[in-house]
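Below is coords_1.tsv, which holds TSV, C-alpha atoms.
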chain	number	residue	atom	x	y	z
A	22	MET	CA	60.46	168.48	78.48
A	23	THR	CA	60.32	164.70	78.84
A	24	SER	CA	57.07	163.23	80.11
A	25	ASP	CA	56.81	161.00	83.19
A	26	LEU	CA	56.09	157.98	80.99
A	27	ALA	CA	59.17	158.59	78.85
A	28	ALA	CA	61.25	159.06	81.99
A	29	LEU	CA	60.39	155.49	82.98
A	30	ALA	CA	62.04	154.12	79.85
A	31	ASP	CA	65.73	153.25	79.91
A	32	LEU	CA	66.57	154.53	76.46
A	33	ALA	CA	70.28	154.02	77.12
A	34	ALA	CA	69.49	150.29	77.05
A	35	LEU	CA	69.16	150.58	73.26
A	36	ALA	CA	72.93	151.07	73.08
A	37	VAL	CA	73.45	147.59	74.60
A	38	LYS	CA	73.06	145.00	71.86
A	39	PRO	CA	71.76	141.80	73.49
A	40	VAL	CA	71.59	138.18	72.43
A	41	LEU	CA	68.00	136.99	72.87
A	42	HIS	CA	67.21	133.27	73.00
A	43	GLY	CA	63.94	131.61	72.06
A	44	PRO	CA	62.96	127.97	71.64
A	45	THR	CA	63.76	127.90	67.90
A	46	VAL	CA	65.54	131.20	67.15
A	47	ARG	CA	68.38	133.28	68.49
A	48	LEU	CA	68.61	137.04	67.95
A	49	VAL	CA	72.16	138.40	67.81
A	50	PRO	CA	73.57	141.87	67.12
A	51	LEU	CA	73.59	142.53	63.38
A	52	ASP	CA	77.10	143.33	62.16
A	53	ALA	CA	79.45	143.07	59.18
A	54	ARG	CA	79.45	139.25	59.20
A	55	HIS	CA	75.79	139.40	58.12
A	56	THR	CA	76.57	141.37	54.93
A	57	GLU	CA	76.11	138.55	52.40
A	58	PRO	CA	72.84	137.11	53.76
A	59	MET	CA	71.47	140.64	54.29
A	60	TYR	CA	72.39	141.50	50.71
A	61	ARG	CA	70.54	138.42	49.44
A	62	LEU	CA	67.54	139.34	51.61
A	63	CYS	CA	67.54	142.95	50.35
A	64	THR	CA	67.69	141.85	46.71
A	65	ASP	CA	64.89	139.26	46.98
A	66	GLN	CA	61.91	140.52	44.95
A	67	GLU	CA	59.24	138.93	47.17
A	68	THR	CA	60.85	140.31	50.34
A	69	ASN	CA	60.94	143.75	48.73
A	70	ARG	CA	57.24	143.46	47.83
A	71	LEU	CA	56.27	142.41	51.37
A	72	THR	CA	58.30	145.22	52.95
A	73	GLY	CA	57.55	147.84	50.29
A	74	THR	CA	61.27	148.32	49.59
A	75	ARG	CA	61.87	150.15	46.32
A	76	THR	CA	65.56	150.94	46.77
A	77	ALA	CA	68.11	148.80	44.94
A	78	PHE	CA	70.96	148.50	47.44
A	79	THR	CA	74.53	147.70	46.47
A	80	ARG	CA	76.56	145.10	48.34
A	81	GLU	CA	78.81	147.90	49.62
A	82	GLN	CA	75.83	149.85	50.98
A	83	ILE	CA	74.65	146.74	52.82
A	84	ARG	CA	78.17	146.03	54.13
A	85	GLN	CA	78.50	149.58	55.45
A	86	TRP	CA	75.01	149.49	57.00
A	87	CYS	CA	75.61	146.13	58.73
A	88	ALA	CA	79.04	147.18	59.97
A	89	THR	CA	77.64	150.29	61.66
A	90	ARG	CA	74.65	148.68	63.43
A	91	PRO	CA	76.45	147.81	66.69
A	92	GLU	CA	77.43	151.43	67.32
A	93	GLN	CA	73.93	152.89	66.97
A	94	PRO	CA	72.81	154.18	70.40
A	95	ASP	CA	69.18	154.89	69.52
A	96	ARG	CA	68.06	151.73	67.73
A	97	LEU	CA	68.37	147.96	67.93
A	98	ASP	CA	69.19	145.83	64.88
A	99	LEU	CA	69.38	142.08	65.38
A	100	ALA	CA	69.94	139.14	63.07
A	101	VAL	CA	67.56	136.20	63.41
A	102	GLU	CA	69.55	132.96	63.47
A	103	ASP	CA	68.97	129.25	63.80
A	104	PRO	CA	70.50	128.50	67.23
A	105	ALA	CA	71.71	125.05	66.16
A	106	THR	CA	73.48	126.08	62.94
A	107	GLY	CA	73.90	129.85	63.15
A	108	ARG	CA	72.19	130.14	59.75
A	109	PHE	CA	70.81	133.63	59.01
A	110	LEU	CA	66.99	133.59	58.95
A	111	GLY	CA	66.31	137.33	58.76
A	112	GLU	CA	66.57	140.58	60.68
A	113	VAL	CA	64.52	142.60	63.16
A	114	ALA	CA	64.78	146.21	64.27
A	115	LEU	CA	63.48	148.65	66.82
A	116	ASN	CA	64.01	151.97	65.07
A	117	ASP	CA	62.67	155.50	64.70
A	118	LEU	CA	62.81	156.02	68.44
A	119	ASP	CA	60.47	158.68	69.80
A	120	PRO	CA	62.04	159.49	73.20
A	121	ASP	CA	59.37	162.01	74.19
A	122	ASN	CA	56.68	159.35	73.92
A	123	SER	CA	58.79	156.32	74.89
A	124	ALA	CA	57.94	154.65	71.60
A	125	ALA	CA	59.71	152.97	68.70
A	126	ASP	CA	58.85	151.38	65.38
A	127	TYR	CA	59.32	147.67	64.74
A	128	ARG	CA	60.18	145.83	61.57
A	129	ILE	CA	61.11	142.31	60.58
A	130	ALA	CA	62.16	140.67	57.34
A	131	LEU	CA	62.72	136.93	57.04
A	132	THR	CA	64.47	134.98	54.32
A	133	PRO	CA	61.95	133.38	51.94
A	134	ASP	CA	62.68	129.86	53.24
A	135	SER	CA	62.09	130.97	56.87
A	136	THR	CA	58.49	132.12	56.50
A	137	GLY	CA	55.39	130.19	57.49
A	138	ARG	CA	57.11	128.37	60.37
A	139	GLY	CA	56.37	130.65	63.34
A	140	ILE	CA	59.85	132.20	63.28
A	141	GLY	CA	58.47	135.71	62.80
A	142	THR	CA	56.09	135.40	65.73
A	143	GLU	CA	58.81	134.03	68.01
A	144	ALA	CA	61.34	136.70	67.01
A	145	THR	CA	58.72	139.42	67.49
A	146	LEU	CA	57.82	138.12	70.95
A	147	LEU	CA	61.51	138.18	71.94
A	148	VAL	CA	61.92	141.77	70.74
A	149	LEU	CA	58.73	142.94	72.47
A	150	ARG	CA	59.80	141.33	75.75
A	151	HIS	CA	63.14	143.14	75.52
A	152	ALA	CA	61.46	146.42	74.50
A	153	PHE	CA	58.99	146.35	77.38
A	154	GLU	CA	60.99	144.68	80.17
A	155	THR	CA	64.53	145.93	79.57
A	156	ILE	CA	64.18	149.18	77.64
A	157	ARG	CA	60.76	149.80	79.24
A	158	LEU	CA	59.28	151.43	76.15
A	159	HIS	CA	55.63	152.41	76.46
A	160	ARG	CA	54.68	151.63	72.85
A	161	VAL	CA	56.00	149.65	69.88
A	162	GLN	CA	54.29	150.29	66.55
A	163	LEU	CA	54.47	149.13	62.96
A	164	GLU	CA	52.91	149.37	59.54
A	165	VAL	CA	52.07	146.38	57.36
A	166	TYR	CA	50.55	146.28	53.89
A	167	GLU	CA	47.14	144.66	53.56
A	168	TYR	CA	48.48	142.10	51.06
A	169	ASN	CA	50.97	140.82	53.67
A	170	GLU	CA	48.32	138.84	55.55
A	171	ARG	CA	50.83	136.32	56.95
A	172	ALA	CA	52.78	139.11	58.67
A	173	ALA	CA	49.62	140.73	60.05
A	174	ARG	CA	48.61	137.37	61.58
A	175	ALA	CA	52.06	136.94	63.14
A	176	TYR	CA	51.92	140.44	64.59
A	177	ARG	CA	48.49	139.76	66.15
A	178	LYS	CA	49.78	136.49	67.63
A	179	ALA	CA	52.73	138.38	69.13
A	180	GLY	CA	50.44	140.92	70.81
A	181	PHE	CA	50.01	143.78	68.35
A	182	THR	CA	46.56	145.35	68.00
A	183	LEU	CA	45.17	146.83	64.80
A	184	GLU	CA	44.66	150.53	65.43
A	185	GLY	CA	43.57	151.65	61.99
A	186	ARG	CA	44.33	151.74	58.32
A	187	ALA	CA	45.46	154.30	55.82
A	188	ARG	CA	43.24	153.56	52.87
A	189	GLN	CA	44.99	153.04	49.52
A	190	ALA	CA	48.19	154.62	50.83
A	191	HIS	CA	50.65	152.19	49.21
A	192	HIS	CA	51.04	151.70	45.46
A	193	TRP	CA	52.51	148.38	44.33
A	194	ASP	CA	52.03	146.15	41.30
A	195	GLY	CA	49.79	148.65	39.56
A	196	ARG	CA	47.26	149.11	42.33
A	197	TYR	CA	46.74	150.92	45.62
A	198	TRP	CA	46.71	148.97	48.90
A	199	ASP	CA	45.75	149.87	52.46
A	200	VAL	CA	48.46	150.28	55.09
A	201	LEU	CA	47.53	148.72	58.44
A	202	HIS	CA	48.72	150.47	61.61
A	203	MET	CA	49.35	148.17	64.58
A	204	ALA	CA	50.84	148.72	68.03
A	205	ALA	CA	51.58	146.97	71.30
A	206	LEU	CA	51.42	148.85	74.60
A	207	ARG	CA	53.69	147.91	77.49
A	208	GLU	CA	51.11	147.40	80.26
A	209	GLU	CA	48.67	145.49	78.04
A	210	TRP	CA	51.40	143.32	76.57
A	211	LEU	CA	53.02	142.46	79.90
A	212	ARG	CA	49.62	141.50	81.37
A	213	ALA	CA	48.99	139.14	78.46
A	214	HIS	CA	52.50	137.68	78.21
Show me the file's structure as structure tokens.
Amino acid sequence: MTSDLAALADLAALAVKPVLHGPTVRLVPLDARHTEPMYRLCTDQETNRLTGTRTAFTREQIRQWCATRPEQPDRLDLAVEDPATGRFLGEVALNDLDPDNSAADYRIALTPDSTGRGIGTEATLLVLRHAFETIRLHRVQLEVYEYNERAARAYRKAGFTLEGRARQAHHWDGRYWDVLHMAALREEWLRAH
């Protein structure tokens, strides 16, 4: 049985892949044309460290994944682009939808030359606005590793709140790191933004 809160969400809106415009970024539906820059992003060692990615993807796996993103009815995958040039700056996703609780996970990965410029915060704000105003999700949550301090700062700027940490839950580079759990709630976020 679906709760009253979940009934307020328009989960069918996830099937519509929007173009979202910000002052310095544009988010567009991720598709097959993004295969090469996504492949470069997925094979970048520092990006893999920051996202905890251990899988070595082939170009064909990335091509297939990108090509099938527009037809996914229960998630939203968008490419982050420079609106002036169309250059690929990264990707964002609302995924792991929990329809009973009107919640979804969020993730972002930026190309190495796109970090430290506020692009992540702006892209995250655009996705949260869409998640809360259009899809009407109740909650958007994420995990970030304690060594990714830049991302944690960007998430706080965008309206995420630290809810807790899983101590030493992530092993990387020969040591254990904490995993930070953060979330944004619709009513709180809309009041603040």
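Every protein or nucleic acid residue with an atom no more than 12 Å from Asn69 in chain A, counting all atoms listed in the file and leaving out same-chain residues fewer than 3 positions away, appears here: Tyr60, Arg61, Leu62, Cys63, Thr64, Asp65, Gln66, Thr72, Gly73, Thr74, Arg75, Thr76, Ala77, Phe78, Ile129, Ala130, Leu131, Thr132, Pro133, Tyr166, Asn169, Trp193 and Asp194 of chain A.
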Straight-line distance linking CA of Leu41 in chain A with CA of Pro58 in chain A, stated in Å to one decimal: 19.7 Å
Minimum-distance residue to Ala190 in chain A, chosen among A:Ala175, A:Val165, A:Arg207, A:Val37 (using all atoms listed in the file): A:Val165
Where's the centre, and what are the edge lengths in Å to one decimal, of a box along x, y and z enclosing all listed atoms of range 132-138 of chain A padded 6 Å per side, as AutoDock Vina command-line options?
--center_x 59.9 --center_y 131.7 --center_z 56.2 --size_x 21.1 --size_y 18.6 --size_z 20.4
Contacts of Pro50 in chain A within 7 Å, all atoms listed in the file, excl. fewer than 5 positions in-chain, as a list in words: Lys38, Pro39, Val40, Pro91, Asp98, Leu99 and Ala100 of chain A
Could you make a table, as a Markdown table, of the residues of range 170-208 of chain A that have an atom within 7 Å of an atom of range 146-163 of chain A, each with its nearest atom pair and distance in Å to one decimal, counting only C-alpha atoms, in chain and number order?
| residue | atom | partner | partner_atom | distance |
| --- | --- | --- | --- | --- |
| A:Ala179 | CA | A:Leu146 | CA | 5.4 |
| A:His202 | CA | A:Leu163 | CA | 6.1 |
| A:Met203 | CA | A:Leu163 | CA | 5.5 |
| A:Ala204 | CA | A:Gln162 | CA | 4.1 |
| A:Ala205 | CA | A:Val161 | CA | 5.4 |
| A:Leu206 | CA | A:Arg160 | CA | 4.6 |
| A:Arg207 | CA | A:His159 | CA | 5.0 |
Selection to disk with C-alpha atoms, as an mmCIF file, in the frame of the given file:
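This is the output file result_12.cif:
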data_model
loop_
_atom_site.group_PDB
_atom_site.id
_atom_site.type_symbol
_atom_site.label_atom_id
_atom_site.label_comp_id
_atom_site.auth_asym_id
_atom_site.auth_seq_id
_atom_site.Cartn_x
_atom_site.Cartn_y
_atom_site.Cartn_z
ATOM 1 C CA ALA A 179 52.730 138.380 69.130
ATOM 2 C CA HIS A 202 48.720 150.470 61.610
ATOM 3 C CA MET A 203 49.350 148.170 64.580
ATOM 4 C CA ALA A 204 50.840 148.720 68.030
ATOM 5 C CA ALA A 205 51.580 146.970 71.300
ATOM 6 C CA LEU A 206 51.420 148.850 74.600
ATOM 7 C CA ARG A 207 53.690 147.910 77.490
#
Of the listed residues A:Glu57, A:Glu143, A:Glu164, A:Asp199, that which approaches Arg128 in chain A most closely, counting all atoms listed in the file: A:Glu164
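Our summary of the geometry notes that CA of Arg138 in chain A is positioned 17.0 Å from CA of Glu67 in chain A.
Using only C-alpha atoms, the nearest neighbour of Pro104 in chain A within the list A:Ala53, A:Ile140, A:Val200, A:Ile83 is A:Ile140.
Of note, CA of Val49 in chain A and CA of Tyr168 in chain A are spaced 29.2 Å apart.
Shortest separation to Ala144 in chain A among A:Leu51, A:Leu35, A:Met59, A:Val46 occurs at residue A:Val46, atoms counted being all atoms listed in the file.
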Shortest interatomic distance to Pro120 in chain A - which of A:Arg177, A:Glu167, A:Thr89, A:Arg96, counting all atoms listed in the file: A:Arg96
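Taking only C-alpha atoms into account, Gly139 in chain A lies nearest to A:Leu110 out of the set A:Leu110, A:Gly195, A:Arg70, A:Asn122.
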